[in-house]
file protein_36.txt (compact mmCIF, C-alpha atoms and all ligand atoms)
# COMPACT_ATOMS: atom_id res chain seq x y z
CA MET A 1 119.10 -298.75 28.59
CA LYS A 2 121.48 -299.90 25.84
CA VAL A 3 120.95 -298.37 22.38
CA PRO A 4 123.36 -299.75 19.78
CA PHE A 5 124.34 -297.42 16.95
CA LEU A 6 123.23 -300.11 14.50
CA ASP A 7 122.04 -303.69 14.96
CA LEU A 8 121.72 -305.57 11.68
CA SER A 9 120.98 -308.89 13.39
CA LEU A 10 117.34 -307.91 14.15
CA GLN A 11 116.40 -307.49 10.49
CA HIS A 12 118.20 -310.69 9.54
CA GLN A 13 116.60 -312.73 12.31
CA ALA A 14 113.14 -311.50 11.27
CA LEU A 15 113.74 -312.47 7.63
CA ARG A 16 115.72 -315.64 8.32
CA ALA A 17 113.19 -318.17 6.94
CA PRO A 18 112.36 -316.44 3.62
CA ALA A 19 116.01 -315.43 3.14
CA LEU A 20 117.33 -318.97 3.58
CA ALA A 21 114.55 -320.37 1.36
CA ALA A 22 115.49 -317.90 -1.38
CA LEU A 23 119.19 -318.82 -1.06
CA ALA A 24 118.30 -322.52 -1.25
CA ALA A 25 116.28 -322.00 -4.43
CA THR A 26 119.15 -320.12 -6.06
CA TYR A 27 121.62 -322.77 -4.90
CA ASP A 28 119.50 -325.60 -6.26
CA ALA A 29 119.09 -323.83 -9.60
CA THR A 30 122.86 -323.09 -9.79
CA ARG A 31 122.18 -319.41 -10.60
CA PHE A 32 125.38 -317.86 -9.33
CA CYS A 33 126.37 -314.96 -11.61
CA LEU A 34 123.63 -312.74 -13.08
CA GLY A 35 120.70 -314.94 -14.18
CA LYS A 36 117.05 -314.98 -13.20
CA ASP A 37 117.38 -313.69 -9.60
CA VAL A 38 119.34 -310.67 -10.80
CA GLU A 39 116.88 -310.03 -13.65
CA ASP A 40 113.97 -310.27 -11.20
CA PHE A 41 115.71 -307.87 -8.83
CA GLU A 42 116.41 -305.38 -11.62
CA ARG A 43 112.76 -305.42 -12.67
CA ASN A 44 111.45 -305.25 -9.06
CA PHE A 45 113.83 -302.46 -8.05
CA GLY A 46 112.95 -300.41 -11.15
CA ALA A 47 109.21 -300.93 -10.72
CA THR A 48 109.26 -300.17 -6.98
CA LEU A 49 111.35 -297.02 -7.19
CA GLY A 50 110.56 -295.65 -10.64
CA TYR A 51 113.53 -296.46 -12.89
CA PRO A 52 112.86 -297.75 -16.43
CA ARG A 53 116.02 -299.90 -16.47
CA VAL A 54 118.36 -301.16 -13.76
CA LEU A 55 121.63 -303.12 -13.87
CA GLY A 56 122.66 -305.13 -10.81
CA MET A 57 126.37 -304.85 -10.02
CA ASN A 58 128.80 -306.29 -7.48
CA SER A 59 129.24 -303.21 -5.24
CA GLY A 60 128.30 -299.56 -4.97
CA THR A 61 131.79 -298.63 -6.09
CA ALA A 62 131.35 -300.64 -9.32
CA PRO A 63 128.62 -298.48 -10.96
CA LEU A 64 130.60 -295.33 -10.03
CA HIS A 65 133.61 -296.82 -11.83
CA VAL A 66 131.46 -297.84 -14.82
CA ALA A 67 129.86 -294.38 -14.95
CA CYS A 68 133.29 -292.73 -15.10
CA MET A 69 134.25 -295.09 -17.97
CA LEU A 70 131.03 -294.24 -19.83
CA ALA A 71 131.51 -290.52 -19.29
CA GLY A 72 134.86 -290.76 -21.05
CA PHE A 73 136.71 -289.00 -18.23
CA GLY A 74 140.47 -289.42 -18.57
CA PRO A 75 143.90 -287.91 -17.98
CA GLY A 76 143.78 -284.10 -17.94
CA ASP A 77 140.07 -284.03 -17.08
CA GLU A 78 138.68 -282.66 -13.83
CA VAL A 79 135.60 -284.09 -12.15
CA ILE A 80 134.02 -282.21 -9.27
CA THR A 81 132.58 -283.89 -6.18
CA ALA A 82 131.94 -283.07 -2.53
CA PRO A 83 134.74 -283.44 0.03
CA PHE A 84 132.32 -284.61 2.75
CA THR A 85 131.29 -288.13 1.68
CA PHE A 86 132.51 -291.72 1.70
CA ILE A 87 135.78 -292.04 -0.25
CA SER A 88 134.16 -294.30 -2.84
CA SER A 89 132.25 -291.33 -4.31
CA ALA A 90 135.59 -290.16 -5.75
CA TRP A 91 137.39 -293.46 -6.55
CA GLY A 92 135.94 -293.84 -10.05
CA ILE A 93 137.54 -290.54 -11.06
CA ASN A 94 140.97 -291.95 -10.13
CA TYR A 95 140.31 -295.33 -11.77
CA VAL A 96 139.97 -293.67 -15.20
CA GLY A 97 142.99 -291.39 -14.69
CA ALA A 98 141.08 -288.14 -14.20
CA ARG A 99 141.55 -285.67 -11.34
CA PRO A 100 139.12 -285.29 -8.43
CA VAL A 101 138.33 -281.63 -7.71
CA PHE A 102 136.34 -280.77 -4.61
CA ALA A 103 133.77 -278.06 -4.02
CA ASP A 104 132.50 -277.26 -0.54
CA ILE A 105 129.17 -278.38 0.91
CA GLU A 106 126.32 -276.31 2.31
CA GLU A 107 125.94 -276.29 6.04
CA GLY A 108 122.28 -277.28 6.37
CA THR A 109 122.18 -280.50 4.32
CA PHE A 110 125.87 -281.59 4.11
CA ASN A 111 125.42 -281.68 0.31
CA LEU A 112 127.31 -279.98 -2.52
CA ASP A 113 126.75 -276.20 -2.55
CA PRO A 114 125.67 -275.21 -6.10
CA ALA A 115 127.45 -271.83 -5.88
CA LYS A 116 130.73 -273.47 -4.79
CA LEU A 117 130.28 -276.03 -7.57
CA ALA A 118 129.92 -273.25 -10.18
CA ALA A 119 133.02 -271.52 -8.80
CA ALA A 120 135.11 -274.72 -9.09
CA ILE A 121 134.54 -275.14 -12.83
CA THR A 122 137.53 -274.71 -15.15
CA PRO A 123 137.96 -275.37 -18.90
CA ARG A 124 139.11 -278.90 -17.91
CA THR A 125 135.96 -279.77 -15.94
CA LYS A 126 134.17 -282.71 -17.60
CA GLY A 127 131.69 -283.90 -15.01
CA ILE A 128 130.18 -283.84 -11.53
CA ILE A 129 129.54 -286.59 -9.02
CA ILE A 130 126.64 -285.54 -6.81
CA VAL A 131 126.21 -287.37 -3.50
CA HIS A 132 122.80 -287.46 -1.83
CA LEU A 133 124.47 -287.74 1.56
CA PHE A 134 122.82 -289.36 4.58
CA GLY A 135 119.69 -289.91 2.43
CA GLN A 136 119.04 -286.21 1.80
CA PRO A 137 118.67 -285.24 -1.88
CA ALA A 138 121.09 -282.54 -3.08
CA ARG A 139 119.85 -279.31 -4.73
CA MET A 140 119.43 -280.84 -8.19
CA ASP A 141 117.75 -277.90 -9.99
CA GLU A 142 120.66 -275.56 -9.33
CA ILE A 143 123.23 -278.30 -9.91
CA MET A 144 121.69 -279.41 -13.21
CA ALA A 145 121.54 -275.77 -14.39
CA VAL A 146 125.33 -275.49 -13.82
CA ALA A 147 125.85 -278.85 -15.54
CA ARG A 148 123.83 -277.86 -18.61
CA GLN A 149 125.56 -274.52 -18.92
CA HIS A 150 128.98 -276.24 -19.04
CA GLN A 151 127.84 -279.50 -20.73
CA LEU A 152 128.98 -281.68 -17.85
CA PHE A 153 128.28 -285.37 -17.36
CA VAL A 154 126.32 -285.82 -14.11
CA ILE A 155 126.62 -288.92 -11.90
CA GLU A 156 124.37 -289.21 -8.85
CA ASP A 157 125.82 -291.32 -6.02
CA CYS A 158 122.62 -292.61 -4.38
CA ALA A 159 124.37 -295.18 -2.15
CA GLN A 160 122.74 -293.63 0.93
CA ALA A 161 119.52 -292.41 -0.69
CA VAL A 162 117.66 -295.43 -2.03
CA GLY A 163 113.96 -294.47 -2.27
CA ALA A 164 114.56 -290.72 -1.91
CA ARG A 165 112.83 -288.31 -4.27
CA TYR A 166 113.80 -284.86 -5.46
CA ALA A 167 110.69 -282.77 -6.31
CA GLY A 168 108.83 -286.03 -6.94
CA ALA A 169 111.51 -287.64 -9.13
CA PRO A 170 113.52 -290.61 -7.83
CA VAL A 171 117.14 -289.63 -7.18
CA GLY A 172 119.54 -291.17 -9.66
CA GLY A 173 117.19 -290.54 -12.58
CA ILE A 174 117.90 -286.82 -12.88
CA GLY A 175 121.53 -286.79 -14.00
CA ASP A 176 123.06 -289.04 -16.67
CA VAL A 177 123.72 -291.99 -14.34
CA GLY A 178 122.56 -292.98 -10.86
CA THR A 179 124.41 -295.47 -8.65
CA PHE A 180 123.35 -297.50 -5.61
CA SER A 181 125.06 -299.67 -3.00
CA PHE A 182 123.55 -302.66 -1.22
CA TYR A 183 126.37 -302.98 1.30
CA PRO A 184 124.79 -304.51 4.45
CA THR A 185 124.61 -301.23 6.40
CA LYS A 186 122.76 -299.30 3.66
CA ASN A 187 118.98 -298.69 3.82
CA LEU A 188 118.52 -301.65 1.46
CA GLY A 189 121.39 -303.93 2.43
CA GLY A 190 122.30 -307.33 1.03
CA CYS A 191 124.22 -310.06 2.85
CA GLY A 192 127.52 -309.19 1.22
CA GLU A 193 128.46 -306.85 -1.59
CA GLY A 194 126.08 -305.37 -4.15
CA GLY A 195 125.17 -302.29 -6.15
CA ALA A 196 123.10 -301.01 -9.05
CA PHE A 197 123.39 -298.73 -12.08
CA VAL A 198 120.47 -296.74 -13.48
CA SER A 199 120.27 -294.38 -16.43
CA ARG A 200 117.40 -292.87 -18.35
CA ARG A 201 119.75 -292.81 -21.38
CA GLU A 202 119.35 -295.93 -23.52
CA ASP A 203 122.85 -295.59 -25.01
CA LEU A 204 124.53 -295.50 -21.60
CA GLN A 205 122.41 -298.35 -20.29
CA THR A 206 123.41 -300.56 -23.24
CA ARG A 207 127.11 -299.77 -22.94
CA ALA A 208 127.03 -300.28 -19.16
CA ARG A 209 125.46 -303.72 -19.69
CA HIS A 210 128.37 -304.66 -21.95
CA ILE A 211 131.03 -303.16 -19.68
CA ARG A 212 129.57 -305.20 -16.79
CA VAL A 213 130.49 -308.46 -18.57
CA HIS A 214 133.97 -307.76 -19.93
CA GLY A 215 132.86 -305.39 -22.69
CA SER A 216 130.94 -308.14 -24.36
CA ASP A 217 127.51 -308.63 -25.88
CA ARG A 218 128.34 -312.06 -27.26
CA ARG A 219 130.50 -314.49 -25.27
CA TYR A 220 134.21 -314.26 -26.20
CA TYR A 221 133.70 -311.23 -28.47
CA HIS A 222 134.80 -308.00 -26.79
CA ASP A 223 133.83 -304.82 -28.62
CA ILE A 224 134.70 -302.36 -25.84
CA ILE A 225 136.95 -302.34 -22.78
CA GLY A 226 134.99 -303.77 -19.87
CA GLY A 227 135.45 -305.51 -16.56
CA ASN A 228 133.66 -307.82 -14.15
CA PHE A 229 130.92 -305.83 -12.46
CA ARG A 230 128.29 -308.61 -12.25
CA MET A 231 125.87 -308.97 -9.35
CA ASP A 232 125.77 -312.52 -7.96
CA GLY A 233 122.63 -314.63 -7.74
CA PHE A 234 122.62 -315.02 -3.96
CA GLN A 235 122.67 -311.26 -3.38
CA ALA A 236 119.83 -310.72 -5.85
CA ALA A 237 117.80 -313.51 -4.25
CA LEU A 238 118.22 -311.88 -0.80
CA LEU A 239 117.50 -308.40 -2.13
CA ASN A 240 114.28 -309.72 -3.70
CA VAL A 241 113.22 -310.86 -0.22
CA LYS A 242 114.12 -307.51 1.34
CA LEU A 243 112.91 -305.05 -1.30
CA PRO A 244 109.17 -305.30 -0.37
CA HIS A 245 110.13 -304.12 3.16
CA LEU A 246 112.04 -301.04 2.01
CA ALA A 247 109.08 -298.63 1.99
CA GLY A 248 108.14 -299.61 5.56
CA TRP A 249 111.73 -299.35 6.74
CA THR A 250 112.03 -295.89 5.15
CA GLN A 251 108.82 -294.71 6.84
CA ARG A 252 110.16 -295.96 10.13
CA ARG A 253 113.47 -294.08 9.64
CA GLN A 254 111.50 -290.92 8.78
CA ALA A 255 109.27 -291.33 11.84
CA ILE A 256 112.32 -291.71 14.09
CA ALA A 257 113.89 -288.62 12.49
CA ALA A 258 110.68 -286.65 13.08
CA ARG A 259 110.81 -287.56 16.78
CA TYR A 260 114.49 -286.58 17.00
CA LEU A 261 113.84 -283.28 15.19
CA GLN A 262 111.07 -282.46 17.62
CA GLY A 263 112.61 -283.84 20.80
CA LEU A 264 116.25 -282.76 20.60
CA THR A 265 116.41 -279.36 22.32
CA LEU A 266 119.97 -279.22 23.65
CA PRO A 267 121.22 -275.61 23.31
CA GLY A 268 123.95 -275.24 20.67
CA LEU A 269 122.82 -278.31 18.77
CA ARG A 270 122.56 -278.01 14.98
CA LEU A 271 119.94 -280.37 13.52
CA PRO A 272 119.93 -281.33 9.81
CA ASP A 273 117.84 -278.99 7.60
CA GLN A 274 114.63 -280.34 6.08
CA PRO A 275 114.37 -278.57 2.71
CA ALA A 276 110.97 -278.65 0.98
CA TYR A 277 112.34 -279.93 -2.38
CA GLY A 278 113.12 -283.46 -1.22
CA ARG A 279 112.58 -285.51 1.86
CA SER A 280 115.46 -287.47 3.34
CA VAL A 281 115.31 -291.26 3.72
CA PHE A 282 117.61 -290.80 6.74
CA HIS A 283 120.42 -293.23 6.11
CA GLN A 284 122.00 -291.27 8.97
CA PHE A 285 120.71 -288.75 11.48
CA THR A 286 123.72 -286.50 11.93
CA ILE A 287 123.78 -283.63 14.39
CA ARG A 288 126.47 -281.06 15.15
CA HIS A 289 127.63 -279.59 18.42
CA PRO A 290 130.66 -277.39 19.20
CA ARG A 291 131.64 -279.80 22.03
CA ARG A 292 131.07 -282.89 19.91
CA ASP A 293 133.69 -285.13 21.57
CA ALA A 294 132.40 -284.39 25.08
CA LEU A 295 128.81 -284.94 23.89
CA ARG A 296 129.84 -288.25 22.41
CA GLU A 297 131.54 -289.35 25.64
CA HIS A 298 128.40 -288.38 27.54
CA LEU A 299 126.27 -290.50 25.17
CA THR A 300 128.66 -293.45 25.58
CA ARG A 301 128.19 -293.19 29.38
CA GLN A 302 124.41 -293.29 28.78
CA GLU A 303 124.96 -296.46 26.65
CA VAL A 304 123.89 -294.68 23.45
CA GLY A 305 125.96 -295.83 20.47
CA THR A 306 127.16 -293.13 18.07
CA ASP A 307 129.49 -292.93 15.09
CA LEU A 308 131.64 -290.25 13.46
CA ILE A 309 130.55 -290.07 9.84
CA TYR A 310 132.90 -288.70 8.54
CA PRO A 311 135.91 -287.78 10.74
CA VAL A 312 138.20 -286.69 7.87
CA PRO A 313 137.01 -284.97 4.68
CA LEU A 314 138.34 -286.39 1.41
CA HIS A 315 140.66 -283.46 0.61
CA LEU A 316 142.57 -284.14 3.86
CA GLN A 317 142.92 -287.89 3.30
CA LYS A 318 146.50 -289.09 2.80
CA CYS A 319 145.67 -290.70 -0.53
CA TYR A 320 144.76 -287.26 -1.90
CA ALA A 321 147.75 -285.35 -0.49
CA SER A 322 149.10 -284.89 -4.04
CA LEU A 323 146.00 -282.90 -5.04
CA GLY A 324 147.46 -279.99 -3.07
CA TYR A 325 144.58 -279.17 -0.76
CA GLY A 326 145.11 -278.47 2.93
CA PRO A 327 143.32 -277.45 6.11
CA GLY A 328 141.13 -274.45 5.32
CA SER A 329 140.47 -275.46 1.68
CA PHE A 330 136.84 -276.37 2.41
CA PRO A 331 135.81 -274.78 5.72
CA VAL A 332 132.20 -276.01 5.76
CA ALA A 333 133.22 -279.65 5.17
CA GLU A 334 136.00 -279.35 7.75
CA GLN A 335 133.64 -277.82 10.29
CA ALA A 336 131.14 -280.64 9.64
CA ALA A 337 133.84 -283.28 10.15
CA ALA A 338 134.95 -281.61 13.39
CA THR A 339 131.50 -281.18 14.96
CA CYS A 340 129.21 -283.92 13.60
CA VAL A 341 128.05 -287.07 15.36
CA SER A 342 125.54 -289.59 14.03
CA LEU A 343 122.78 -291.03 16.24
CA PRO A 344 121.14 -294.49 16.02
CA ILE A 345 118.39 -294.52 13.35
CA PHE A 346 117.77 -298.09 12.14
CA PRO A 347 114.13 -299.20 11.62
CA GLU A 348 114.06 -301.69 14.51
CA LEU A 349 114.88 -299.03 17.13
CA THR A 350 112.11 -299.13 19.75
CA ASP A 351 110.19 -296.06 20.93
CA ALA A 352 111.74 -296.44 24.39
CA GLN A 353 115.23 -296.51 22.84
CA GLN A 354 114.46 -293.36 20.85
CA ASP A 355 113.24 -291.65 24.03
CA HIS A 356 116.47 -292.65 25.74
CA VAL A 357 118.56 -291.18 22.88
CA ILE A 358 116.60 -287.90 23.07
CA ALA A 359 116.80 -287.66 26.87
CA SER A 360 120.51 -288.51 26.82
CA VAL A 361 121.37 -285.81 24.27
CA ASN A 362 119.23 -283.22 26.06
CA SER A 363 120.85 -283.97 29.44
CA PHE A 364 124.38 -283.22 28.16
CA GLY A 365 126.10 -280.67 30.42
CA ARG A 366 123.43 -280.80 33.09
C1 LIG B 1 128.62 -297.09 0.63
C2 LIG B 1 128.91 -295.98 -0.29
C3 LIG B 1 129.53 -296.17 -1.54
C4 LIG B 1 130.18 -297.46 -1.96
O1 LIG B 1 129.50 -298.59 -1.87
P1 LIG B 1 130.21 -300.01 -1.71
O2 LIG B 1 129.05 -300.92 -1.93
O3 LIG B 1 130.78 -300.08 -0.34
O4 LIG B 1 131.23 -300.15 -2.78
C5 LIG B 1 129.67 -295.09 -2.38
N1 LIG B 1 129.27 -293.87 -2.03
C6 LIG B 1 128.70 -293.62 -0.84
C7 LIG B 1 128.26 -292.24 -0.53
C8 LIG B 1 128.51 -294.67 0.08
O5 LIG B 1 127.96 -294.40 1.26
call {"tool": "encode", "arguments": {"input": "protein_36.txt", "output": "C-alpha cells"}}
result
Amino acid sequence: MKVPFLDLSLQHQALRAPALAALAATYDATRFCLGKDVEDFERNFGATLGYPRVLGMNSGTAPLHVACMLAGFGPGDEVITAPFTFISSAWGINYVGARPVFADIEEGTFNLDPAKLAAAITPRTKGIIIVHLFGQPARMDEIMAVARQHQLFVIEDCAQAVGARYAGAPVGGIGDVGTFSFYPTKNLGGCGEGGAFVSRREDLQTRARHIRVHGSDRRYYHDIIGGNFRMDGFQAALLNVKLPHLAGWTQRRQAIAARYLQGLTLPGLRLPDQPAYGRSVFHQFTIRHPRRDALREHLTRQEVGTDLIYPVPLHLQKCYASLGYGPGSFPVAEQAAATCVSLPIFPELTDAQQDHVIASVNSFGR
C-alpha cells in the first residue's frame, strides 16, 4: 500500500467548486490587494481562533520581519531563538541588522528549553523568537518569566501551530506578537503565499498595519519606514473557504497522532512528548530512532513516504557560519537532526494507510 508523506491534491479536489467560485467572485470584483476578502479573513480568523485583531500578510516570513522592525532590534542587539526550526524563524533578526543567538531545545518536545534560554541571555539580549514547532506549544510560562525578568520582546512563530492552545490561550497571543504562515503545506494552507500578524498590543497592531503598506496611513504620506507586506485578495478568498474546515482537520491530525502514539512500539523509538500544558495540532509527527537512515530506507521499501524535518540545525547552516557556532554547540538540536524522521500525518490519510505506517515502523529490523 502506498502512503505518500503528504498529498495536497485531495484537499484541493474536495474544495474545488467553492474555491473556484470564491476566486471568481474576487476576480469579478477586482479585489486584488487587501480589500474585503482580506478584511473578512482577518475577522474570521480572529473570531475562530481567539485573536482580537489580525493582519493578513503575504507570507509567514513577512510578519516575523515586521515584528523585528516593531521590536526595534538593530545592530549590536542579540535575539535568541531555537536552532531546530525552519530558517525563516531567524531571518527577521538578520533583516533588521541584529544578531541571531541560539539556545538549545528540550528533547521531549523539540522546543526551546527555558533553562538554556535563561543561560543564553547577555546584556545585549533584546528579544526572543519562540517557535511552537511541529504544532506543539513551547513552555510559555517559564519562557515568559525569563522574558519579564529581562524585559525582552517576545515573538511567537506559530507557522506550524495554527489553532494550538497553551493552557487554554491561543498561541501567538501570549507574547508581544504572534505570526502565522499559510504556505500550502501548513495546517491552514492557501494556494500560494500568505501569512498573518497578531498582537494583543494596540500600539503594535497599529504600527504593523502601517508598516504593511509602506509605512503609510494615508496614501502617499509615509510617517514610518515600511514595506509591502500585503495579503492578496485571492489568497484571502481561498482561506475564507478553508478556514471553516480547520477545526475538523486539526481533530483528524490529533486522532492520527493518538493512533501512532498508541500503535508504534518499535524498541528504541522515541515518540514526541505530550505535555499537559498544551496539546499539539500535529503539523508533523516526528519520531527519533538511533538507526534513523536504515529505518527510513525500510519505510521507503514499504512505500511509506517520510521526510527529514530538519536535517541541519540553523547554527550549522552555511549562512550562519560567521556566528561562530560549530558541531557540539547545541547537542540536543544536533541529536534531533541526526535521529528524527517525520511520518505522514495529513487529514485525508485513511485508517488503512495509518495501519500500514504503524505496521511498517514496527516491522523494522524483523
Ligand atoms: C513555514 C514557516 C515559516 C515561514 O513561512 P513562509 O510562509 O514560508 O514565509 C516560518 N517559521 C516556521 C517555523 C515555518 O514552518
call {"tool": "residues_around", "arguments": {"input": "protein_36.txt", "residues": "range 95-105 of chain A", "least_positions_apart": "5", "cutoff": "9 Å", "atoms": "only C-alpha atoms", "output": "ChimeraX atom specification"}}
result
/A:65,68-69,72-84,90,110-114,116-120,125,314-315,320,323,329-333
call {"tool": "residues_around", "arguments": {"input": "protein_36.txt", "residues": "Ala25 in chain A", "least_positions_apart": "2", "cutoff": "12 Å", "atoms": "only C-alpha atoms", "output": "short mmCIF file (atom, residue, chain, number, x, y, z; two decimals) with C-alpha atoms, in the frame of the given file"}}
result
data_model
loop_
_atom_site.label_atom_id
_atom_site.label_comp_id
_atom_site.auth_asym_id
_atom_site.auth_seq_id
_atom_site.Cartn_x
_atom_site.Cartn_y
_atom_site.Cartn_z
CA PRO A 18 112.36 -316.44 3.62
CA ALA A 19 116.01 -315.43 3.14
CA LEU A 20 117.33 -318.97 3.58
CA ALA A 21 114.55 -320.37 1.36
CA ALA A 22 115.49 -317.90 -1.38
CA LEU A 23 119.19 -318.82 -1.06
CA TYR A 27 121.62 -322.77 -4.90
CA ASP A 28 119.50 -325.60 -6.26
CA ALA A 29 119.09 -323.83 -9.60
CA THR A 30 122.86 -323.09 -9.79
CA ARG A 31 122.18 -319.41 -10.60
CA PHE A 32 125.38 -317.86 -9.33
CA LYS A 36 117.05 -314.98 -13.20
CA ASP A 37 117.38 -313.69 -9.60
CA GLY A 233 122.63 -314.63 -7.74
CA PHE A 234 122.62 -315.02 -3.96
CA ALA A 236 119.83 -310.72 -5.85
CA ALA A 237 117.80 -313.51 -4.25
CA LEU A 238 118.22 -311.88 -0.80
#
call {"tool": "residues_near_ligand", "arguments": {"input": "protein_36.txt", "ligand": "ligand LIG 1 (chain B)", "cutoff": "8 Å", "atoms": "only C-alpha atoms and all ligand atoms", "output": "PyMOL selection string"}}
result
chain A and resi 58-62+64+85-89+131-134+157-160+180-183+186+193-195
call {"tool": "residues_around", "arguments": {"input": "protein_36.txt", "residues": "Arg288 in chain A", "least_positions_apart": "4", "cutoff": "10 Å", "atoms": "all atoms listed in the file", "output": "ChimeraX atom specification"}}
result
/A:268-272,292,295,335-342
call {"tool": "atom_distance", "arguments": {"input": "protein_36.txt", "atom1": "CA of Gly278 in chain A", "atom2": "CA of Phe197 in chain A"}}
result
21.4 Å
call {"tool": "closest_residue", "arguments": {"input": "protein_36.txt", "among": "A:Asp232, A:Asn94, A:Gly127, A:Tyr51", "to": "Ile174 in chain A", "atoms": "all atoms listed in the file"}}
result
A:Tyr51
call {"tool": "atom_distance", "arguments": {"input": "protein_36.txt", "atom1": "CA of Thr350 in chain A", "atom2": "CA of Leu266 in chain A"}}
result
21.8 Å
call {"tool": "closest_atom_pairs", "arguments": {"input": "protein_36.txt", "of": "range 35-99 of chain A", "to": "range 161-165 of chain A", "cutoff": "12 Å", "atoms": "all atoms listed in the file", "output": "JSON lines"}}
result
{"residue": "A:Phe45", "atom": "CA", "partner": "A:Gly163", "partner_atom": "CA", "distance": 9.9}
{"residue": "A:Gly46", "atom": "CA", "partner": "A:Gly163", "partner_atom": "CA", "distance": 10.7}
{"residue": "A:Ala47", "atom": "CA", "partner": "A:Gly163", "partner_atom": "CA", "distance": 11.6}
{"residue": "A:Thr48", "atom": "CA", "partner": "A:Gly163", "partner_atom": "CA", "distance": 8.8}
{"residue": "A:Leu49", "atom": "CA", "partner": "A:Gly163", "partner_atom": "CA", "distance": 6.1}
{"residue": "A:Gly50", "atom": "CA", "partner": "A:Gly163", "partner_atom": "CA", "distance": 9.1}
{"residue": "A:Tyr51", "atom": "CA", "partner": "A:Gly163", "partner_atom": "CA", "distance": 10.8}
{"residue": "A:Gly60", "atom": "CA", "partner": "A:Val162", "partner_atom": "CA", "distance": 11.8}
call {"tool": "residues_around", "arguments": {"input": "protein_36.txt", "residues": "Asp176 in chain A", "least_positions_apart": "6", "cutoff": "9 Å", "atoms": "all atoms listed in the file", "output": "list in words"}}
result
Ala67, Ala71, Phe153, Val154, Ile155, Glu156, Val198, Ser199, Arg200, Arg201 and Leu204 of chain A
call {"tool": "write_last_selection", "arguments": {"input": "protein_36.txt", "atoms": "C-alpha atoms", "output": "PDB file, in the frame of the given file"}}
result
ATOM      1  CA  ALA A  67     129.860-294.380 -14.950  1.00  0.00           C
ATOM      2  CA  ALA A  71     131.510-290.520 -19.290  1.00  0.00           C
ATOM      3  CA  PHE A 153     128.280-285.370 -17.360  1.00  0.00           C
ATOM      4  CA  VAL A 154     126.320-285.820 -14.110  1.00  0.00           C
ATOM      5  CA  ILE A 155     126.620-288.920 -11.900  1.00  0.00           C
ATOM      6  CA  GLU A 156     124.370-289.210  -8.850  1.00  0.00           C
ATOM      7  CA  VAL A 198     120.470-296.740 -13.480  1.00  0.00           C
ATOM      8  CA  SER A 199     120.270-294.380 -16.430  1.00  0.00           C
ATOM      9  CA  ARG A 200     117.400-292.870 -18.350  1.00  0.00           C
ATOM     10  CA  ARG A 201     119.750-292.810 -21.380  1.00  0.00           C
ATOM     11  CA  LEU A 204     124.530-295.500 -21.600  1.00  0.00           C
TER      12      LEU A 204
END
call {"tool": "closest_residue", "arguments": {"input": "protein_36.txt", "among": "A:Leu349, A:Val146, A:Ala255, A:Val361", "to": "Pro267 in chain A", "atoms": "all atoms listed in the file"}}
result
A:Val361
call {"tool": "atom_distance", "arguments": {"input": "protein_36.txt", "atom1": "CA of Gly135 in chain A", "atom2": "CA of Trp91 in chain A"}}
result
20.2 Å
call {"tool": "closest_residue", "arguments": {"input": "protein_36.txt", "among": "A:Gln151, A:Asn44, A:Ser322, A:Gln136", "to": "Ser280 in chain A", "atoms": "only C-alpha atoms"}}
result
A:Gln136
call {"tool": "residues_near_point", "arguments": {"input": "protein_36.txt", "point": "(134.5, -306.0, -11.7)", "cutoff": "9 Å", "atoms": "only C-alpha atoms", "output": "JSON list (two decimals) with C-alpha atoms, keeping the file's coordinate frame"}}
result
[["chain", "number", "residue", "atom", "x", "y", "z"],
["A", 57, "MET", "CA", 126.37, -304.85, -10.02],
["A", 58, "ASN", "CA", 128.80, -306.29, -7.48],
["A", 59, "SER", "CA", 129.24, -303.21, -5.24],
["A", 62, "ALA", "CA", 131.35, -300.64, -9.32],
["A", 212, "ARG", "CA", 129.57, -305.20, -16.79],
["A", 213, "VAL", "CA", 130.49, -308.46, -18.57],
["A", 214, "HIS", "CA", 133.97, -307.76, -19.93],
["A", 226, "GLY", "CA", 134.99, -303.77, -19.87],
["A", 227, "GLY", "CA", 135.45, -305.51, -16.56],
["A", 228, "ASN", "CA", 133.66, -307.82, -14.15],
["A", 229, "PHE", "CA", 130.92, -305.83, -12.46],
["A", 230, "ARG", "CA", 128.29, -308.61, -12.25]]
call {"tool": "closest_residue", "arguments": {"input": "protein_36.txt", "among": "A:Arg209, A:His222, A:His245, A:Arg252", "to": "Leu34 in chain A", "atoms": "only C-alpha atoms"}}
result
A:Arg209
call {"tool": "residues_around", "arguments": {"input": "protein_36.txt", "residues": "Arg259 in chain A", "least_positions_apart": "3", "cutoff": "10 Å", "atoms": "only C-alpha atoms", "output": "list in words"}}
result
Gln254, Ala255, Ile256, Gln262, Gly263, Leu264, Asp351, Gln354, Asp355 and Ile358 of chain A
call {"tool": "write_last_selection", "arguments": {"input": "protein_36.txt", "atoms": "C-alpha atoms", "output": "PDB file, in the frame of the given file"}}
result
ATOM      1  CA  GLN A 254     111.500-290.920   8.780  1.00  0.00           C
ATOM      2  CA  ALA A 255     109.270-291.330  11.840  1.00  0.00           C
ATOM      3  CA  ILE A 256     112.320-291.710  14.090  1.00  0.00           C
ATOM      4  CA  GLN A 262     111.070-282.460  17.620  1.00  0.00           C
ATOM      5  CA  GLY A 263     112.610-283.840  20.800  1.00  0.00           C
ATOM      6  CA  LEU A 264     116.250-282.760  20.600  1.00  0.00           C
ATOM      7  CA  ASP A 351     110.190-296.060  20.930  1.00  0.00           C
ATOM      8  CA  GLN A 354     114.460-293.360  20.850  1.00  0.00           C
ATOM      9  CA  ASP A 355     113.240-291.650  24.030  1.00  0.00           C
ATOM     10  CA  ILE A 358     116.600-287.900  23.070  1.00  0.00           C
TER      11      ILE A 358
END
call {"tool": "closest_residue", "arguments": {"input": "protein_36.txt", "among": "A:Arg296, A:Leu239, A:Glu106, A:Ala352", "to": "Phe41 in chain A", "atoms": "all atoms listed in the file"}}
result
A:Leu239
